[in-house]
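**Student:** So that we are looking at the same thing, I have put the structure below in structure tokens.
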Amino acid sequence: MNVSKDGLVIWSSKTGEADRVLTILTDEGLITAYARGSLRPNGRLTSACTMLSLSNFELATGKNMYTVVNAESQKKFLNIYSDAVSYALATYFCELLKLTVPYNEEAKQYLTVMLNTLYLINNGSKPLWQIKAVFEMTIMTLSGYMPNIFECAQCGALSSDKVFFEYSTGTWLCSSCSEKRGIQADVPFSVMSAIRYIVSAEPQRAFAFELRSPSKEIFCDICERYLVEHIDHDLKTLNYYHTIKD
Ligand SMILES: [Zn+2]
């Protein structure tokens, strides 16, 4: 039986002569599909089965995975393909999705977030550091790791000049609670405010915050490290992004 699904190609691995196994992000979670001949130049399926193509797939159901019968590309983010740094960042996002989105379970929010993010990278309307940090914190929140940063974890204070951020729990301590424990509060409060803003704002407003150096760099480090600690996976695409971005 054939089914029709819209989805974004987030991963592909070569197999056989010119075939690919695709991981596709759909409203209903991740699916895997075999795309025969999709690596042939000018092949019938080639364009629509490329990484970051949002396509309509006609799929034949199989034992372990679908087989692509037909595919038509609906949207391509062409500017991302032509910029190595943007492409590396988008590939890192794809790897995160591959690790966090469930198979064959509702995943509409993930797809919406990823498509909005690709539009932003493609248009060049937001800086990449901000897109990256917002995406990281949003994925953490959707995966059940929303940091609990609305108050000091010890005394309940709502703000502090500087805080100590605890990665394992996603919480912070105000400067006086940090001092009592003999640890140094070294994160400016503006960083916690920005993270708090991202995890509680409507998705389309998540970018409406500003940070200057050095808070900006601290903020980016915290968003990345918080994700890396919880994903607990060797993220090769992230390492690659750092290698080429400078
Ligand atoms: Zn406190």
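Chain labels follow the order of the structure tokens: the first chain is A, the next B, and so on; residue numbering restarts at 1 in every chain, and ligands are counted from 1 in their shown order.
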At a cut-off of 9 Å and counting only C-alpha atoms and all ligand atoms, what residues surround ligand 1? Please answer as a PyMOL selection string.
**Tutor:** chain A and resi 151-160+163+172-178
**Student:** Excluding Val134 in chain A and residues on its chain fewer than 2 positions from it, collect all residues at most 12 Å away from it, counting only C-alpha atoms, and give them as a short mmCIF file (atom, residue, chain, number, x, y, z; two decimals) with N, CA and C atoms, in the first residue's frame.
**Tutor:**
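The resulting file, selection-v4.cif, is shown below:
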```cif
data_model
loop_
_atom_site.label_atom_id
_atom_site.label_comp_id
_atom_site.auth_asym_id
_atom_site.auth_seq_id
_atom_site.Cartn_x
_atom_site.Cartn_y
_atom_site.Cartn_z
N PHE A 93 21.89 20.94 13.15
CA PHE A 93 20.49 20.91 13.59
C PHE A 93 19.83 19.59 13.18
N VAL A 113 9.52 24.23 14.03
CA VAL A 113 10.72 24.93 14.51
C VAL A 113 11.85 24.81 13.48
N MET A 114 12.04 23.61 12.95
CA MET A 114 13.14 23.41 12.00
C MET A 114 12.90 24.21 10.72
N ASN A 116 11.09 26.97 10.32
CA ASN A 116 11.29 28.41 10.62
C ASN A 116 12.77 28.74 10.71
N THR A 117 13.52 27.84 11.33
CA THR A 117 14.96 28.07 11.48
C THR A 117 15.66 28.08 10.13
N LEU A 120 15.10 31.31 8.37
CA LEU A 120 15.94 32.39 8.93
C LEU A 120 17.37 32.30 8.43
N LYS A 126 18.82 36.84 10.61
CA LYS A 126 19.27 36.81 12.01
C LYS A 126 20.70 36.29 12.03
N PRO A 127 21.51 36.74 13.02
CA PRO A 127 22.88 36.22 13.09
C PRO A 127 22.90 34.73 13.46
N LEU A 128 23.88 34.01 12.95
CA LEU A 128 23.93 32.56 13.16
C LEU A 128 24.09 32.20 14.64
N TRP A 129 24.85 33.01 15.41
CA TRP A 129 25.02 32.67 16.84
C TRP A 129 23.68 32.65 17.55
N GLN A 130 22.79 33.57 17.15
CA GLN A 130 21.49 33.66 17.82
C GLN A 130 20.58 32.52 17.36
N ILE A 131 20.60 32.24 16.07
CA ILE A 131 19.79 31.14 15.55
C ILE A 131 20.21 29.82 16.23
N LYS A 132 21.52 29.64 16.37
CA LYS A 132 22.03 28.40 16.97
C LYS A 132 21.57 28.25 18.43
N GLU A 136 19.02 25.46 19.95
CA GLU A 136 19.48 24.52 20.99
C GLU A 136 18.54 24.52 22.19
N MET A 137 18.20 25.71 22.66
CA MET A 137 17.33 25.78 23.84
C MET A 137 15.91 25.31 23.52
N THR A 138 15.44 25.58 22.30
CA THR A 138 14.10 25.14 21.92
C THR A 138 14.03 23.62 21.84
N ILE A 139 15.05 23.01 21.25
CA ILE A 139 15.07 21.55 21.14
C ILE A 139 15.14 20.91 22.53
N MET A 140 15.92 21.50 23.41
CA MET A 140 15.98 20.99 24.78
C MET A 140 14.60 21.05 25.45
N THR A 141 13.93 22.17 25.24
CA THR A 141 12.61 22.34 25.85
C THR A 141 11.61 21.33 25.28
N ALA A 194 17.94 36.06 29.05
CA ALA A 194 17.79 35.71 27.64
C ALA A 194 17.30 34.27 27.49
N ILE A 195 17.88 33.35 28.27
CA ILE A 195 17.45 31.95 28.19
C ILE A 195 16.00 31.81 28.65
N ARG A 196 15.68 32.51 29.72
CA ARG A 196 14.31 32.48 30.22
C ARG A 196 13.35 32.99 29.14
N TYR A 197 13.78 34.01 28.45
CA TYR A 197 12.96 34.58 27.39
C TYR A 197 12.71 33.55 26.28
N ILE A 198 13.77 32.89 25.85
CA ILE A 198 13.65 31.92 24.74
C ILE A 198 12.68 30.80 25.10
N VAL A 199 12.82 30.25 26.30
CA VAL A 199 12.01 29.07 26.63
C VAL A 199 10.56 29.43 26.96
N SER A 200 10.28 30.73 27.16
CA SER A 200 8.89 31.06 27.47
C SER A 200 8.19 31.89 26.40
N ALA A 201 8.95 32.41 25.41
CA ALA A 201 8.34 33.26 24.39
C ALA A 201 7.59 32.43 23.35
N PRO A 203 7.10 31.09 19.76
CA PRO A 203 8.20 30.78 18.85
C PRO A 203 8.58 31.93 17.91
N GLN A 204 7.59 32.65 17.39
CA GLN A 204 7.92 33.71 16.42
C GLN A 204 8.55 34.93 17.09
N ARG A 205 8.51 35.01 18.45
CA ARG A 205 9.10 36.14 19.16
C ARG A 205 10.40 35.75 19.87
N ALA A 206 10.83 34.51 19.70
CA ALA A 206 11.96 33.99 20.48
C ALA A 206 13.28 34.72 20.23
N PHE A 207 13.34 35.52 19.16
CA PHE A 207 14.60 36.19 18.82
C PHE A 207 14.65 37.63 19.32
N ALA A 208 13.59 38.07 19.97
CA ALA A 208 13.52 39.47 20.36
C ALA A 208 14.27 39.74 21.67
N PHE A 209 15.54 39.42 21.70
CA PHE A 209 16.37 39.78 22.86
C PHE A 209 17.73 40.21 22.32
N PHE A 219 26.52 33.37 26.98
CA PHE A 219 25.19 32.84 26.64
C PHE A 219 25.30 31.70 25.62
N CYS A 220 26.09 31.92 24.56
CA CYS A 220 26.25 30.88 23.52
C CYS A 220 26.89 29.63 24.11
N ILE A 222 26.78 28.59 27.21
CA ILE A 222 25.85 27.89 28.12
C ILE A 222 24.81 27.11 27.32
N CYS A 223 24.24 27.72 26.28
CA CYS A 223 23.22 27.02 25.48
C CYS A 223 23.80 25.75 24.88
N GLU A 224 25.02 25.86 24.33
CA GLU A 224 25.64 24.69 23.69
C GLU A 224 25.99 23.62 24.72
N LEU A 227 23.06 21.71 26.18
CA LEU A 227 22.56 20.71 25.23
C LEU A 227 23.50 19.51 25.15
#
```
**Student:** From the list A:Leu99, A:Ile231, A:Leu52, A:Ile149, which residue is nearest Tyr87 in chain A when using only C-alpha atoms?
**Tutor:**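 The closest residue to Tyr87 in chain A is A:Leu52.
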**Student:** Could you tell me which of A:Ser73, A:Ser38, A:Thr243, A:Thr67 comes closest to Leu54 in chain A if we count only C-alpha atoms?
**Tutor:**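 Among A:Ser73, A:Ser38, A:Thr243, A:Thr67, it is A:Ser73 that comes nearest to Leu54 in chain A.
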**Student:** May I have all residues of range 136-176 of chain A that DSSP, computed from the backbone, assigns to strand (DSSP E), given as a list in words?
**Tutor:**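 Here are the strand (DSSP E) residues of range 136-176 of chain A: Lys162, Val163, Phe164, Phe165, Glu166, Thr171, Trp172, Leu173 and Cys174 of chain A.
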**Student:** What does the structure give for the distance between CA of Cys49 in chain A and CA of Ser143 in chain A, in Å to one decimal?
**Tutor:** 26.7 Å
**Student:** When you look at Val187 in chain A with a cut-off of 8 Å (counting only C-alpha atoms), what residues show up, excluding the ones that are within fewer than 6 positions of it in the same chain? I need them as a list in words.
**Tutor:**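 Surrounding residues, per the criterion: Lys162, Val163, Phe164, Phe165, Ser215 and Ile218 of chain A.
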**Student:** Name the closest residue to Val85 in chain A among the candidates A:Ser168, A:Asn122, A:Asn64, A:Gln109; distances are taken between atoms, counting only C-alpha atoms.
**Tutor:**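 Checking each of A:Ser168, A:Asn122, A:Asn64, A:Gln109 against Val85 in chain A, counting only C-alpha atoms, the winner is A:Asn122.
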**Student:** At a cut-off of 8 Å, using only C-alpha atoms, what residues contact Ala71 in chain A? Leave out same-chain residues fewer than 5 positions from it and give the result as a list of chain:residue names.
**Tutor:** A:Leu45, A:Ala48, A:Cys49, A:Ser55, A:Asn56, A:Phe57, A:Glu58
**Student:** Which residues are close to Thr237 in chain A, i.e. within 9 Å by only C-alpha atoms, leaving aside same-chain residues fewer than 6 positions away? Reply as a list in words.
**Tutor:**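 Returned residues: Ala88, Leu89, Thr91, Tyr92, Phe93 and Glu95 of chain A.
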**Student:** Any chance you can output those residues with N, CA and C atoms as a tab-separated table (two decimals), in the first residue's frame?
**Tutor:**
```tsv
chain	number	residue	atom	x	y	z
A	88	ALA	N	26.83	23.85	7.38
A	88	ALA	CA	27.34	23.09	8.53
A	88	ALA	C	26.42	23.26	9.73
A	89	LEU	N	25.91	24.47	9.93
A	89	LEU	CA	24.99	24.71	11.05
A	89	LEU	C	23.69	23.94	10.85
A	91	THR	N	23.25	21.26	9.16
A	91	THR	CA	23.52	19.83	9.30
A	91	THR	C	23.60	19.44	10.78
A	92	TYR	N	24.17	20.33	11.58
A	92	TYR	CA	24.20	20.11	13.04
A	92	TYR	C	22.76	20.04	13.58
A	93	PHE	N	21.89	20.94	13.15
A	93	PHE	CA	20.49	20.91	13.59
A	93	PHE	C	19.83	19.59	13.18
A	95	GLU	N	21.32	16.72	12.78
A	95	GLU	CA	21.78	15.63	13.65
A	95	GLU	C	21.06	15.68	15.00
```
**Student:** For Trp11 in chain A, which of A:Tyr226, A:Glu105, A:Asn79, A:Ala90 is the closest residue, counting only C-alpha atoms?
**Tutor:**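 Selected residue with least distance to Trp11 in chain A: A:Ala90.
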**Student:** Taking only C-alpha atoms into account, which of A:Met65, A:Leu25, A:Ile244, A:Leu30 comes nearest Thr112 in chain A?
**Tutor:** A:Leu25
**Student:** At a cut-off of 8 Å, using only C-alpha atoms, what residues contact range 12-23 of chain A? Leave out same-chain residues fewer than 6 positions from it and give the result as a PyMOL selection string.
**Tutor:** chain A and resi 30-40+49-51+98
**Student:** Go ahead and dump the residues you just picked, all heavy atoms, as a tab-separated table (two decimals), in the first residue's frame.
**Tutor:**
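The result, written out as selection_10.tsv:
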```tsv
chain	number	residue	atom	x	y	z
A	30	LEU	N	9.83	10.89	12.89
A	30	LEU	CA	10.83	10.52	11.88
A	30	LEU	C	10.38	9.26	11.17
A	30	LEU	O	9.76	8.38	11.78
A	30	LEU	CB	12.18	10.26	12.54
A	30	LEU	CG	12.87	11.42	13.27
A	30	LEU	CD1	14.20	10.94	13.86
A	30	LEU	CD2	13.11	12.58	12.32
A	31	ILE	N	10.72	9.18	9.90
A	31	ILE	CA	10.53	7.93	9.16
A	31	ILE	C	11.81	7.65	8.36
A	31	ILE	O	12.59	8.56	8.09
A	31	ILE	CB	9.30	7.97	8.21
A	31	ILE	CG1	9.43	9.12	7.21
A	31	ILE	CG2	8.01	8.08	8.98
A	31	ILE	CD1	8.38	9.07	6.10
A	32	THR	N	12.00	6.40	8.02
A	32	THR	CA	13.15	6.01	7.22
A	32	THR	C	12.65	5.50	5.88
A	32	THR	O	11.64	4.78	5.82
A	32	THR	CB	13.93	4.87	7.93
A	32	THR	OG1	14.08	5.22	9.30
A	32	THR	CG2	15.30	4.68	7.33
A	33	ALA	N	13.34	5.90	4.83
A	33	ALA	CA	12.88	5.49	3.50
A	33	ALA	C	14.07	5.20	2.58
A	33	ALA	O	15.08	5.90	2.62
A	33	ALA	CB	11.99	6.57	2.89
A	34	TYR	N	13.91	4.18	1.78
A	34	TYR	CA	14.94	3.79	0.81
A	34	TYR	C	14.64	4.49	-0.52
A	34	TYR	O	13.53	4.36	-1.05
A	34	TYR	CB	14.89	2.27	0.63
A	34	TYR	CG	16.13	1.71	0.00
A	34	TYR	CD1	17.20	1.26	0.78
A	34	TYR	CD2	16.26	1.62	-1.39
A	34	TYR	CE1	18.35	0.76	0.20
A	34	TYR	CE2	17.41	1.12	-1.98
A	34	TYR	CZ	18.45	0.69	-1.18
A	34	TYR	OH	19.60	0.19	-1.74
A	35	ALA	N	15.63	5.22	-1.02
A	35	ALA	CA	15.40	5.97	-2.27
A	35	ALA	C	16.35	5.44	-3.34
A	35	ALA	O	17.51	5.86	-3.43
A	35	ALA	CB	15.60	7.46	-2.04
A	36	ARG	N	15.83	4.53	-4.13
A	36	ARG	CA	16.66	3.86	-5.14
A	36	ARG	C	17.05	4.83	-6.26
A	36	ARG	O	16.20	5.56	-6.77
A	36	ARG	CB	15.88	2.66	-5.70
A	36	ARG	CG	16.69	1.73	-6.57
A	36	ARG	CD	16.02	0.36	-6.72
A	36	ARG	NE	16.21	-0.46	-5.53
A	36	ARG	CZ	15.23	-0.91	-4.74
A	36	ARG	NH1	13.97	-0.61	-5.01
A	36	ARG	NH2	15.50	-1.65	-3.70
A	37	GLY	N	18.33	4.83	-6.59
A	37	GLY	CA	18.81	5.65	-7.71
A	37	GLY	C	18.84	7.15	-7.43
A	37	GLY	O	19.08	7.94	-8.34
A	38	SER	N	18.64	7.53	-6.15
A	38	SER	CA	18.50	8.97	-5.88
A	38	SER	C	19.84	9.70	-5.81
A	38	SER	O	19.87	10.90	-5.53
A	38	SER	CB	17.73	9.18	-4.58
A	38	SER	OG	18.48	8.67	-3.49
A	39	LEU	N	20.94	8.98	-6.06
A	39	LEU	CA	22.23	9.68	-6.14
A	39	LEU	C	22.69	9.84	-7.58
A	39	LEU	O	23.74	10.41	-7.84
A	39	LEU	CB	23.29	8.89	-5.35
A	39	LEU	CG	23.30	9.15	-3.83
A	39	LEU	CD1	24.21	8.16	-3.13
A	39	LEU	CD2	23.72	10.57	-3.51
A	40	ARG	N	21.88	9.34	-8.52
A	40	ARG	CA	22.25	9.53	-9.93
A	40	ARG	C	22.07	10.98	-10.32
A	40	ARG	O	21.04	11.59	-10.00
A	40	ARG	CB	21.35	8.67	-10.82
A	40	ARG	CG	21.84	7.25	-10.93
A	40	ARG	CD	21.09	6.49	-12.01
A	40	ARG	NE	21.09	5.10	-11.63
A	40	ARG	CZ	20.01	4.39	-11.29
A	40	ARG	NH1	18.82	4.95	-11.35
A	40	ARG	NH2	20.13	3.15	-10.92
A	49	CYS	N	15.18	14.21	-2.90
A	49	CYS	CA	15.70	13.36	-1.82
A	49	CYS	C	17.01	13.89	-1.25
A	49	CYS	O	17.71	13.21	-0.51
A	49	CYS	CB	15.88	11.92	-2.30
A	49	CYS	SG	14.32	11.13	-2.70
A	50	THR	N	17.35	15.13	-1.59
A	50	THR	CA	18.58	15.75	-1.10
A	50	THR	C	18.36	16.31	0.30
A	50	THR	O	17.24	16.72	0.64
A	50	THR	CB	18.97	16.91	-2.06
A	50	THR	OG1	19.03	16.37	-3.37
A	50	THR	CG2	20.30	17.52	-1.71
A	51	MET	N	19.43	16.34	1.08
A	51	MET	CA	19.37	16.93	2.43
A	51	MET	C	18.71	18.31	2.38
A	51	MET	O	18.98	19.10	1.47
A	51	MET	CB	20.80	17.14	2.96
A	51	MET	CG	21.44	15.94	3.58
A	51	MET	SD	20.86	15.63	5.27
A	51	MET	CE	21.79	16.84	6.22
A	98	LYS	N	17.70	14.18	14.55
A	98	LYS	CA	17.79	12.73	14.39
A	98	LYS	C	17.92	12.05	15.76
A	98	LYS	O	17.45	10.94	15.97
A	98	LYS	CB	19.03	12.42	13.53
A	98	LYS	CG	19.06	11.03	12.98
A	98	LYS	CD	20.05	10.96	11.82
A	98	LYS	CE	20.30	9.53	11.39
A	98	LYS	NZ	21.47	8.95	12.05
```
**Student:** Can you measure CA of Asp221 in chain A to CA of Ser82 in chain A for me? One decimal in Å is fine.
**Tutor:**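 It comes out at 27.0 Å.
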**Student:** Which residues come within 6 Å of Gly170 in chain A, counting only C-alpha atoms, excluding same-chain residues fewer than 2 positions away, as a list in words?
**Tutor:**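 Near neighbours after the sequence-gap exclusion: Pro147, Asn148, Glu166, Tyr167 and Ser168 of chain A.
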